[in-house]
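A.B. asks: What follows is protein_36.pdb, made up of PDB, C-alpha atoms:
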ATOM      1  CA  PHE A   1      -3.211 -21.083  15.325
ATOM      2  CA  PHE A   2      -6.685 -21.238  16.739
ATOM      3  CA  PHE A   3      -8.794 -19.760  13.947
ATOM      4  CA  PHE A   4      -7.666 -22.377  11.424
ATOM      5  CA  SER A   5      -9.491 -25.096  13.339
ATOM      6  CA  CYS A   6     -12.758 -23.148  13.698
ATOM      7  CA  ALA A   7     -15.396 -24.217  11.194
ATOM      8  CA  VAL A   8     -17.678 -21.469   9.902
ATOM      9  CA  PRO A   9     -20.923 -22.957   8.565
ATOM     10  CA  GLN A  10     -22.321 -19.857   6.833
ATOM     11  CA  CYS A  11     -21.393 -18.814   3.311
ATOM     12  CA  SER A  12     -19.930 -15.347   2.791
ATOM     13  CA  ASN A  13     -20.043 -13.313  -0.389
ATOM     14  CA  THR A  14     -16.487 -14.354  -1.336
ATOM     15  CA  ASP A  15     -17.469 -18.013  -1.535
ATOM     16  CA  VAL A  16     -18.688 -19.704  -4.694
ATOM     17  CA  ILE A  17     -21.466 -22.279  -4.446
ATOM     18  CA  MET A  18     -20.738 -25.306  -6.613
ATOM     19  CA  GLY A  19     -22.707 -28.520  -6.267
ATOM     20  CA  GLY A  20     -24.286 -27.496  -2.974
ATOM     21  CA  GLU A  21     -21.092 -26.732  -1.036
ATOM     22  CA  SER A  22     -19.142 -23.496  -0.707
ATOM     23  CA  THR A  23     -15.672 -23.178  -2.227
ATOM     24  CA  ARG A  24     -13.298 -20.443  -1.110
ATOM     25  CA  LEU A  25     -11.188 -18.818  -3.820
ATOM     26  CA  TYR A  26      -8.378 -17.913  -1.423
ATOM     27  CA  VAL A  27      -6.258 -19.411   1.362
ATOM     28  CA  ARG A  28      -6.488 -17.870   4.816
ATOM     29  CA  GLY A  29      -3.409 -16.632   6.633
ATOM     30  CA  ILE A  30      -2.171 -14.616   9.601
ATOM     31  CA  ILE A  31       0.164 -11.614   9.524
ATOM     32  CA  LEU A  32       2.973 -12.430  11.962
ATOM     33  CA  GLY A  33       4.903  -9.171  11.731
ATOM     34  CA  TYR A  34       7.748  -7.559   9.848
ATOM     35  CA  LYS A  35      10.989  -9.280   8.890
ATOM     36  CA  ARG A  36      13.437  -8.380  11.611
ATOM     37  CA  ALA A  37      16.653  -9.113  13.419
ATOM     38  CA  ARG A  38      17.514  -8.470  17.036
ATOM     39  CA  MET A  39      18.078  -4.736  16.556
ATOM     40  CA  ASN A  40      16.727  -3.922  13.078
ATOM     41  CA  GLN A  41      13.263  -4.186  11.569
ATOM     42  CA  THR A  42      12.478  -4.308   7.834
ATOM     43  CA  ASN A  43       9.082  -2.649   7.420
ATOM     44  CA  HIS A  44       8.716  -3.309   3.698
ATOM     45  CA  THR A  45       8.772  -7.111   4.142
ATOM     46  CA  SER A  46       6.007  -8.848   6.094
ATOM     47  CA  LEU A  47       5.902 -12.415   7.416
ATOM     48  CA  ILE A  48       2.744 -14.409   6.670
ATOM     49  CA  LYS A  49       1.691 -17.800   8.070
ATOM     50  CA  LEU A  50      -0.639 -19.552   5.609
ATOM     51  CA  GLU A  51      -3.221 -22.161   6.542
ATOM     52  CA  ASN A  52      -2.169 -25.818   6.065
ATOM     53  CA  VAL A  53       1.398 -24.933   5.010
ATOM     54  CA  ALA A  54       3.785 -26.751   7.327
ATOM     55  CA  ASP A  55       7.164 -26.678   5.558
ATOM     56  CA  ALA A  56       9.232 -24.787   3.002
ATOM     57  CA  ASP A  57       8.303 -27.208   0.214
ATOM     58  CA  GLY A  58       4.607 -26.504   0.761
ATOM     59  CA  ALA A  59       5.309 -22.770   0.626
ATOM     60  CA  LYS A  60       6.843 -23.051  -2.864
ATOM     61  CA  PHE A  61       3.359 -23.362  -4.391
ATOM     62  CA  TYR A  62       2.429 -19.894  -3.105
ATOM     63  CA  LEU A  63       5.449 -18.010  -4.486
ATOM     64  CA  GLY A  64       4.213 -15.141  -6.652
ATOM     65  CA  LYS A  65       0.597 -15.420  -5.481
ATOM     66  CA  LYS A  66      -1.342 -12.224  -4.718
ATOM     67  CA  LEU A  67      -2.138 -11.291  -1.118
ATOM     68  CA  CYS A  68      -5.073  -9.153  -0.031
ATOM     69  CA  TYR A  69      -5.355  -7.467   3.367
ATOM     70  CA  VAL A  70      -8.939  -6.293   3.932
ATOM     71  CA  TYR A  71      -9.557  -3.686   6.611
ATOM     72  CA  LYS A  72     -12.357  -1.415   7.722
ATOM     73  CA  ALA A  73     -12.102   2.386   7.666
ATOM     74  CA  LYS A  74     -14.334   5.021   9.270
ATOM     75  CA  THR A  75     -15.285   6.932   6.134
ATOM     76  CA  LYS A  76     -16.977   5.610   3.016
ATOM     77  CA  LYS A  77     -15.109   5.700  -0.280
ATOM     78  CA  LYS A  78     -16.622   4.356  -3.478
ATOM     79  CA  GLY A  79     -19.694   3.268  -1.513
ATOM     80  CA  THR A  80     -17.995   1.031   1.066
ATOM     81  CA  VAL A  81     -16.050   1.298   4.303
ATOM     82  CA  TYR A  82     -13.894  -1.734   3.456
ATOM     83  CA  ARG A  83     -10.527  -1.176   1.828
ATOM     84  CA  THR A  84      -7.784  -3.463   0.590
ATOM     85  CA  SER A  85      -4.029  -3.482   0.446
ATOM     86  CA  TRP A  86      -2.450  -5.721  -2.208
ATOM     87  CA  GLY A  87       0.893  -7.486  -2.208
ATOM     88  CA  LYS A  88       2.564 -10.685  -3.321
ATOM     89  CA  VAL A  89       4.467 -13.612  -1.845
ATOM     90  CA  THR A  90       8.157 -13.178  -2.606
ATOM     91  CA  ARG A  91       9.864 -16.181  -0.971
ATOM     92  CA  SER A  92       9.690 -18.604   1.931
ATOM     93  CA  HIS A  93      11.019 -17.724   5.379
ATOM     94  CA  GLY A  94      12.563 -20.539   7.372
ATOM     95  CA  THR A  95      11.451 -24.161   7.316
ATOM     96  CA  SER A  96       8.049 -23.970   9.039
ATOM     97  CA  GLY A  97       5.965 -22.745   6.100
ATOM     98  CA  VAL A  98       6.099 -19.002   6.791
ATOM     99  CA  VAL A  99       6.425 -16.813   3.687
ATOM    100  CA  ARG A 100       7.760 -13.305   3.077
ATOM    101  CA  ALA A 101       5.577 -10.783   1.302
ATOM    102  CA  LYS A 102       5.877  -7.275  -0.075
ATOM    103  CA  PHE A 103       2.928  -4.936  -0.373
ATOM    104  CA  LYS A 104       2.322  -1.916  -2.577
ATOM    105  CA  ASN A 105       2.134   0.140   0.628
ATOM    106  CA  ASN A 106       3.662  -1.252   3.810
ATOM    107  CA  LEU A 107       1.218  -2.962   6.147
ATOM    108  CA  PRO A 108       0.300  -0.860   9.190
ATOM    109  CA  PRO A 109       1.379  -2.042  12.657
ATOM    110  CA  CYS A 110      -2.268  -2.562  13.674
ATOM    111  CA  SER A 111      -2.499  -5.378  11.092
ATOM    112  CA  MET A 112      -0.157  -7.647  13.064
ATOM    113  CA  GLY A 113      -2.024 -10.779  14.101
ATOM    114  CA  GLY A 114      -4.770  -9.982  11.622
ATOM    115  CA  LYS A 115      -6.188 -12.133   8.857
ATOM    116  CA  ILE A 116      -5.042 -12.034   5.264
ATOM    117  CA  ARG A 117      -6.191 -13.679   2.029
ATOM    118  CA  CYS A 118      -3.799 -15.439  -0.336
ATOM    119  CA  MET A 119      -5.439 -15.565  -3.751
ATOM    120  CA  LEU A 120      -4.776 -18.605  -5.904
ATOM    121  CA  TYR A 121      -3.606 -16.532  -8.872
ATOM    122  CA  PRO A 122      -1.467 -15.998 -10.838
ATOM    123  CA  SER A 123      -1.281 -19.719 -11.436
ATOM    124  CA  THR A 124       1.989 -21.428 -12.294
ATOM    125  CA  VAL A 125       0.405 -24.855 -12.874
TER     126      VAL A 125
END
Can you turn what I pasted into structure tokens?
C.D. replies:
Amino acid sequence: FFFFSCAVPQCSNTDVIMGGESTRLYVRGIILGYKRARMNQTNHTSLIKLENVADADGAKFYLGKKLCYVYKAKTKKKGTVYRTSWGKVTRSHGTSGVVRAKFKNNLPPCSMGGKIRCMLYPSTV
């Protein structure tokens, strides 16, 4: 996917500066869509492609990790227009590093192809 190879030089507010370089506290990913078959679609399970995860063994590290979908709304609530939807990685999907995830509320269809954050907690190490 194209946005994985793009380098962003600036530091956002979710980065932590340690020793002069920024360190992200999450792994970037893309929402591919819902789990589906030829005729049926399962809306409560989403498919997520995580950055630098190429096989099912690499996806095992992320099982149980929290996912955060950040989106922008029109109206302000609690002083901000940004809102979040939280979920977790439940299992891997196939052999190419895609994972399945369930969210507290199902992801909306407009989120397909959008960016998602995979937090590095809870830790199992």
A.B. asks: Please provide as JSON, numbers by chain all residues within 7 Å of stretch 91-100 of chain A, with the sequence filter that same-chain residues fewer than 5 positions apart are discarded (counting only C-alpha atoms).
C.D. replies: {"A": [45, 46, 47, 48, 49, 50, 53, 54, 55, 56, 58, 59, 63]}
A.B. asks: Might you pull out every residue within 7 Å of stretch 18-33 of chain A, with all atoms listed in the file counted and same-chain residues fewer than 4 positions away left off, and present them as a list in words?
C.D. replies: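 With the cut-off at 7 Å, the set is Cys11, Thr14, Ser46, Leu47, Ile48, Lys49, Leu50, Glu51, Ser111, Met112, Gly113, Gly114, Lys115, Ile116, Arg117, Cys118, Met119 and Leu120 of chain A.
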A.B. asks: Neighbouring residues of A:Lys72 were defined as those with any atom within 8 Å, considering all atoms listed in the file; residues of the same chain fewer than 3 positions away were excluded. Please report them as a VMD selection string.
C.D. replies: chain A and resid 81 to 83
A.B. asks: Could you state the separation of atom CA of A:Lys66 and atom CA of A:Thr80 in Å, given to one decimal place?
C.D. replies: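 Computing it gives 22.1 Å between the two atoms.
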A.B. asks: For the file shown, what are the residues hit by the PyMOL selection byres ((chain A and resi 123) around 10), laid out as a list in words?
C.D. replies: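 Applying the PyMOL selection byres ((chain A and resi 123) around 10) to the structure shown produces Phe61, Tyr62, Leu63, Gly64, Lys65, Met119, Leu120, Tyr121, Pro122, Thr124 and Val125 of chain A.
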A.B. asks: Deliver the residues from the most recent selection as a file, using C-alpha atoms, as an mmCIF file, keeping the file's coordinate frame.
C.D. replies:
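Heads up, here's the output in out22.cif:
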data_model
loop_
_atom_site.group_PDB
_atom_site.id
_atom_site.type_symbol
_atom_site.label_atom_id
_atom_site.label_comp_id
_atom_site.auth_asym_id
_atom_site.auth_seq_id
_atom_site.Cartn_x
_atom_site.Cartn_y
_atom_site.Cartn_z
ATOM 1 C CA PHE A 61 3.359 -23.362 -4.391
ATOM 2 C CA TYR A 62 2.429 -19.894 -3.105
ATOM 3 C CA LEU A 63 5.449 -18.010 -4.486
ATOM 4 C CA GLY A 64 4.213 -15.141 -6.652
ATOM 5 C CA LYS A 65 0.597 -15.420 -5.481
ATOM 6 C CA MET A 119 -5.439 -15.565 -3.751
ATOM 7 C CA LEU A 120 -4.776 -18.605 -5.904
ATOM 8 C CA TYR A 121 -3.606 -16.532 -8.872
ATOM 9 C CA PRO A 122 -1.467 -15.998 -10.838
ATOM 10 C CA THR A 124 1.989 -21.428 -12.294
ATOM 11 C CA VAL A 125 0.405 -24.855 -12.874
#
A.B. asks: What's the separation between atom CA of A:Asn43 and atom CA of A:Asn106, in Å to one decimal place?
C.D. replies: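 About the pair atom CA of A:Asn43 and atom CA of A:Asn106: they are 6.7 Å apart.
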A.B. asks: If you measure from atom CA of A:Asp57 to atom CA of A:Ser85, what distance in Å do you get, rounded to one decimal?
C.D. replies: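 Value for the atom CA of A:Asp57-atom CA of A:Ser85 distance: 26.7 Å.
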A.B. asks: How big is the axis-aligned box, and where does its centre sit, when it encloses all atoms of stretch 85-92 of chain A listed in the file and has 4 Å added on every side, reported in Å to one decimal as lines of an AutoDock Vina configuration file?
C.D. replies:
center_x = 2.9
center_y = -11.0
center_z = -0.7
size_x = 21.9
size_y = 23.1
size_z = 13.3
A.B. asks: Need to verify the contact set: A:Phe103, 7 Å, only C-alpha atoms, exclusion of same-chain residues closer than 6 positions in sequence. Can you return it as an NGL selection string?
C.D. replies: :A and (86-88)
